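Structure, as structure tokens:
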Amino acid sequence: MSPELLVFAVIGTIAVAASILVISMRNPVHSALFLLLTFLCVAVLFVMKGAEFVGAVQVLVYAGGIMVLFLFVVMLINVRHLPDEKVLSNFWKGGFAVGLAVFILFVTLVRPGVYHDPVPSDKALRSTYTYRHRKVKNPDGTVTRKLIRRGKVAGNSEAVAMALYTDYLVPFEVASLFLLVAMIGAIVIGKRELSASEEENIPAYMLERSETEHEIKEAMSA
Amino acid sequence: MPEAIPSTAAYLMLSGTLFAIGLVGVIIRRNMITVLMAVELMMNAVNINLVAFSHRFASLEGQIFTIFIITVAAGEAAVGLAIIIQLYRLKSTINVDEARSMNG
């Protein structure tokens with residue numbers, strides 16, 4: 001057994017076991033911690049498949065950002081005060097049946113032997129290119145400048161950045177707009193209307209209008 | 001002699017297993033936070049699939065789309081958790097079965 005296969009077997013087993021524990025734990029904090037373990041295992045799998053940058057993003061965004069968000073919400077919602085009720089939903093039998101059906105479907109679709117192939121070199125996953133002008137002598141004697149693409153093998157991050165900032169520039173910008181919209185949506189949905197008694201207790205400095213606002217109003221009326 | 005390194009089929013079967021576990025979690029759990037975690041699990045399974053095929057076909061597109069999926073997952077988690085907080089303020093519960101005032 002080669003070391004790669006051994007690492008894949010161990011990491012895959014841990015990932016599957018941790019994800020089963022995610023959906024079976026009663027306490028959401030325990031679920032969140034097992035979800036963190038699953039994310040880290042998936043990051044290892046990414047690195048094994050030659051996707052180092054995606055593995056790093058997985059650790060930073062999922063394990064660093066999304067998990068902290070989940071844990072904050074679990075702390076905001078006081079779990080101990082929740083009624084001690086059943087974990088399973090009413091249609092849990094149907095849920096298990098659907099899950100088993102999907103699992104059998106996937107396993108029969110990708111049974112071993114379907115994708116047996118010589119593994120290609122991952123050179124394409126880490127190669128980038130530059131453009132150069134070069135003087136070319138035409139057959140009729142004239143000299144023109146021609147754009148020549150020259151490839152070179154670099155790191156995976158460089159190759160991903162090259163693709164992201166050239167071929168996928170528009171989706172990249174749309175993703176930034178999407179994040180802005182999601183942020184505004186989360187703030188608007190999550191904010192709380194103050195009750196009358198709370199409004200009385202607002203500190204005075206919060207209600208004071210800033211001087212610049214006064215100045216703007218004066219300038220507008222003048 | 002079988003090949004010594006994990007094949008693409010092994011990765012696809014692992015990702016299918018994780019996806020099925022996430023789907024079961026979405027359906028059977030009543031706690032809304034756990035349901036959202038199961039959705040994240042399913043997105044991770046899809047990411048494994050994309051990265052495995054990116055390696056198999058020696059093409060970067062799979063990794064690029066994985067990055068976009070991670071972006072969408074971050075936004076989805078933020079909005080979903082805001083909705084959960086608002087539901088907890090309104091109903092003092094995060095049980096999925098309790099949120100039925102629209103008779104869905």
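Ordering of the structure tokens sets the chain letters (A, B, ...), residue numbers begin anew at 1 in every chain, and ligands are numbered from 1 in the order given.
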Problem - Nearby residues (only C-alpha atoms) at most 9 Å from segment 151-160 of chain A, same-chain spacing under 5 positions excluded, as number ranges by chain - result: A: 50-54, 123-131, 165; B: 60, 63-64
Mind writing the picked residues with C-alpha atoms as a PDB file, in the first residue's frame?
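Now in part-v7.pdb:
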```pdb
ATOM      1  CA  GLY A  50      -2.808  19.158  -6.530  1.00  0.00           C
ATOM      2  CA  ALA A  51      -5.084  22.012  -5.435  1.00  0.00           C
ATOM      3  CA  GLU A  52      -2.930  23.679  -2.795  1.00  0.00           C
ATOM      4  CA  PHE A  53      -4.519  27.109  -3.120  1.00  0.00           C
ATOM      5  CA  VAL A  54      -8.053  25.755  -2.775  1.00  0.00           C
ATOM      6  CA  LYS A 123       1.845  20.318 -14.700  1.00  0.00           C
ATOM      7  CA  ALA A 124      -1.195  22.051 -16.206  1.00  0.00           C
ATOM      8  CA  LEU A 125      -2.493  22.825 -12.714  1.00  0.00           C
ATOM      9  CA  ARG A 126       0.604  24.830 -11.880  1.00  0.00           C
ATOM     10  CA  SER A 127       1.646  26.394 -15.155  1.00  0.00           C
ATOM     11  CA  THR A 128       1.161  30.010 -16.033  1.00  0.00           C
ATOM     12  CA  TYR A 129       2.081  32.023 -19.092  1.00  0.00           C
ATOM     13  CA  THR A 130       3.375  35.390 -20.154  1.00  0.00           C
ATOM     14  CA  TYR A 131       3.024  37.322 -23.388  1.00  0.00           C
ATOM     15  CA  TYR A 165      -7.750  37.518 -13.103  1.00  0.00           C
TER      16      TYR A 165
ATOM     17  CA  LEU B  60      -7.916  24.526 -13.724  1.00  0.00           C
ATOM     18  CA  GLN B  63     -10.502  24.681  -8.867  1.00  0.00           C
ATOM     19  CA  ILE B  64     -11.830  28.066 -10.026  1.00  0.00           C
TER      20      ILE B  64
END
```
Problem - Which of segment 85-151 of chain A fall in alpha helix (DSSP H), as a list of chain:residue names - result: A:Trp92, A:Lys93, A:Gly94, A:Gly95, A:Phe96, A:Ala97, A:Val98, A:Gly99, A:Leu100, A:Ala101, A:Val102, A:Phe103, A:Ile104, A:Leu105, A:Phe106, A:Val107, A:Thr108, A:Leu109
Dump as a short mmCIF file (atom, residue, chain, number, x, y, z; two decimals), in the first residue's frame, selection limited to C-alpha atoms:
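File written: part_2.cif
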```
data_model
loop_
_atom_site.label_atom_id
_atom_site.label_comp_id
_atom_site.auth_asym_id
_atom_site.auth_seq_id
_atom_site.Cartn_x
_atom_site.Cartn_y
_atom_site.Cartn_z
CA TRP A 92 -36.86 10.50 9.54
CA LYS A 93 -37.64 7.16 7.88
CA GLY A 94 -38.14 8.87 4.53
CA GLY A 95 -34.94 10.84 5.10
CA PHE A 96 -32.86 7.72 5.65
CA ALA A 97 -34.49 6.08 2.60
CA VAL A 98 -33.67 9.06 0.37
CA GLY A 99 -30.10 9.18 1.67
CA LEU A 100 -29.59 5.46 1.08
CA ALA A 101 -31.03 5.75 -2.42
CA VAL A 102 -28.72 8.65 -3.30
CA PHE A 103 -25.72 6.79 -1.84
CA ILE A 104 -26.47 3.63 -3.86
CA LEU A 105 -26.98 5.77 -6.97
CA PHE A 106 -23.58 7.46 -6.59
CA VAL A 107 -21.73 4.25 -5.77
CA THR A 108 -23.18 2.37 -8.75
CA LEU A 109 -22.44 5.33 -11.03
#
```
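The gap separating atom CA of Ile48 of chain B from atom CA of Glu61 of chain B is 13.4 Å, in Å to one decimal.
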Practice task
Rank B:Ala45, B:Ile94, B:Ile28, B:Phe19 by their smallest atom-to-atom distance to chain A, using only C-alpha atoms, and report the top residue only.
Solution key: B:Ile28
Exercise for the section: Record the distance separating atom CA of Gly64 of chain A and atom CA of Glu4 of chain A, expressed in Å with one decimal. Expected result: 26.8 Å
Problem - Contacts of segment 80-84 of chain B at 7 Å (only C-alpha atoms; same-chain gap of 3+ positions) as a count of residues only - result: 9
Practice task
Take atom CA of Leu71 of chain A and atom CA of Ser24 of chain A and report the distance between them in Å, one decimal.
Solution key: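 Computed distance, atom CA of Leu71 of chain A to atom CA of Ser24 of chain A, equals 17.4 Å.
Of the listed residues (A:Phe91, A:Phe46, A:Thr13, A:Phe8), A:Phe91 comes nearest to Val26 of chain B; the distances count only C-alpha atoms.
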Handout entry: DSSP-assigned strand (DSSP E or B) members of chain A, reported as a list of chain:residue names
Key =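 Residues of chain A classed as strand (DSSP E or B): A:Leu88, A:Ser127, A:Thr128, A:Tyr129, A:Thr130, A:Tyr131, A:Arg132, A:His133, A:Arg134, A:Lys135, A:Val136, A:Lys137, A:Val143, A:Thr144, A:Arg145, A:Lys146, A:Leu147, A:Ile148, A:Arg149, A:Arg150, A:Gly151, A:Lys152, A:Val153.
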Please save N, CA and C atoms of the selected residues as a short mmCIF file (atom, residue, chain, number, x, y, z; two decimals), in the first residue's frame.
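Result written to again.cif:
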```cif
data_model
loop_
_atom_site.label_atom_id
_atom_site.label_comp_id
_atom_site.auth_asym_id
_atom_site.auth_seq_id
_atom_site.Cartn_x
_atom_site.Cartn_y
_atom_site.Cartn_z
N LEU A 88 -34.87 13.85 16.12
CA LEU A 88 -35.25 13.44 14.77
C LEU A 88 -36.57 14.10 14.36
N SER A 127 0.91 25.65 -14.14
CA SER A 127 1.65 26.39 -15.16
C SER A 127 0.92 27.70 -15.46
N THR A 128 1.70 28.72 -15.67
CA THR A 128 1.16 30.01 -16.03
C THR A 128 1.87 30.47 -17.31
N TYR A 129 1.48 31.61 -17.82
CA TYR A 129 2.08 32.02 -19.09
C TYR A 129 2.24 33.53 -19.12
N THR A 130 3.16 33.96 -19.95
CA THR A 130 3.37 35.39 -20.15
C THR A 130 3.33 35.67 -21.64
N TYR A 131 3.05 36.92 -21.98
CA TYR A 131 3.02 37.32 -23.39
C TYR A 131 4.25 38.16 -23.68
N ARG A 132 4.83 37.94 -24.84
CA ARG A 132 6.00 38.71 -25.25
C ARG A 132 5.82 39.14 -26.69
N HIS A 133 6.39 40.28 -27.00
CA HIS A 133 6.45 40.69 -28.41
C HIS A 133 7.76 40.21 -28.99
N ARG A 134 7.69 39.71 -30.20
CA ARG A 134 8.93 39.28 -30.84
C ARG A 134 8.90 39.72 -32.29
N LYS A 135 10.04 40.15 -32.74
CA LYS A 135 10.12 40.59 -34.14
C LYS A 135 10.17 39.38 -35.05
N VAL A 136 9.30 39.36 -36.04
CA VAL A 136 9.24 38.22 -36.94
C VAL A 136 9.47 38.73 -38.36
N LYS A 137 10.33 38.06 -39.05
CA LYS A 137 10.62 38.46 -40.44
C LYS A 137 9.69 37.69 -41.35
N VAL A 143 9.32 43.34 -41.54
CA VAL A 143 9.50 42.86 -40.17
C VAL A 143 8.32 43.34 -39.33
N THR A 144 7.62 42.43 -38.69
CA THR A 144 6.47 42.80 -37.85
C THR A 144 6.71 42.28 -36.44
N ARG A 145 5.96 42.89 -35.54
CA ARG A 145 6.03 42.43 -34.14
C ARG A 145 4.87 41.49 -33.88
N LYS A 146 5.17 40.34 -33.32
CA LYS A 146 4.15 39.33 -33.12
C LYS A 146 4.05 39.00 -31.63
N LEU A 147 2.81 38.80 -31.19
CA LEU A 147 2.59 38.46 -29.78
C LEU A 147 2.78 36.96 -29.61
N ILE A 148 3.66 36.62 -28.69
CA ILE A 148 3.96 35.20 -28.49
C ILE A 148 3.66 34.82 -27.05
N ARG A 149 2.93 33.73 -26.89
CA ARG A 149 2.59 33.25 -25.55
C ARG A 149 3.62 32.24 -25.11
N ARG A 150 4.15 32.48 -23.94
CA ARG A 150 5.19 31.58 -23.45
C ARG A 150 4.77 31.02 -22.09
N GLY A 151 4.71 29.71 -22.01
CA GLY A 151 4.29 29.08 -20.76
C GLY A 151 5.47 28.81 -19.85
N LYS A 152 5.18 28.83 -18.55
CA LYS A 152 6.22 28.43 -17.61
C LYS A 152 5.57 27.77 -16.40
N VAL A 153 6.27 26.85 -15.81
CA VAL A 153 5.71 26.11 -14.70
C VAL A 153 6.03 26.85 -13.41
#
```
Handout entry: Spatial neighbours of Val61 of chain A, max dist 8 Å, only C-alpha atoms, sep filter under 4 positions, as a ChimeraX atom specification
Key = /A:57,65-66 /B:70,74
Resulting file, chosen residues, N, CA and C atoms, as a tab-separated table (two decimals), in the first residue's frame:
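Resulting contents of again_33.tsv:
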```tsv
chain	number	residue	atom	x	y	z
A	57	VAL	N	-7.54	28.04	0.95
A	57	VAL	CA	-8.78	28.83	1.05
A	57	VAL	C	-9.80	28.09	1.89
A	65	GLY	N	-13.54	31.23	9.04
A	65	GLY	CA	-14.63	32.20	9.00
A	65	GLY	C	-15.99	31.62	9.31
A	66	ILE	N	-16.40	30.62	8.53
A	66	ILE	CA	-17.76	30.12	8.65
A	66	ILE	C	-17.97	29.41	9.99
B	70	ILE	N	-17.10	28.19	-2.65
B	70	ILE	CA	-16.76	28.57	-1.26
B	70	ILE	C	-17.30	29.97	-0.97
B	74	ALA	N	-20.10	30.96	1.89
B	74	ALA	CA	-19.91	31.95	2.96
B	74	ALA	C	-21.11	32.89	3.03
```
Problem - Polymer residues at most 7 Å from Leu14 of chain B, only C-alpha atoms, same-chain spacing of 4 or more positions, as a list in words - result: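 What passes the distance filter is Gly12 of chain A; Ala10 and Leu18 of chain B.
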Based on the selection just made, write N, CA and C atoms of those residues as a PDB file, in the first residue's frame.
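Below you can see result_5.pdb, which holds the result:
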```pdb
ATOM      1  N   GLY A  12     -10.094   9.820   4.555  1.00  0.00           N
ATOM      2  CA  GLY A  12     -11.481   9.595   4.118  1.00  0.00           C
ATOM      3  C   GLY A  12     -12.324   8.974   5.215  1.00  0.00           C
TER       4      GLY A  12
ATOM      5  N   ALA B  10     -12.288   6.601  -6.433  1.00  0.00           N
ATOM      6  CA  ALA B  10     -12.307   6.588  -4.969  1.00  0.00           C
ATOM      7  C   ALA B  10     -12.749   7.940  -4.422  1.00  0.00           C
ATOM      8  N   LEU B  18     -20.265  11.567   1.429  1.00  0.00           N
ATOM      9  CA  LEU B  18     -20.444  12.791   2.213  1.00  0.00           C
ATOM     10  C   LEU B  18     -21.727  13.511   1.808  1.00  0.00           C
TER      11      LEU B  18
END
```
Problem - Selected residue of minimal separation from chain B among A:Leu40, A:Ala63, A:Leu69, A:Ala56, counting only C-alpha atoms - result: A:Leu69
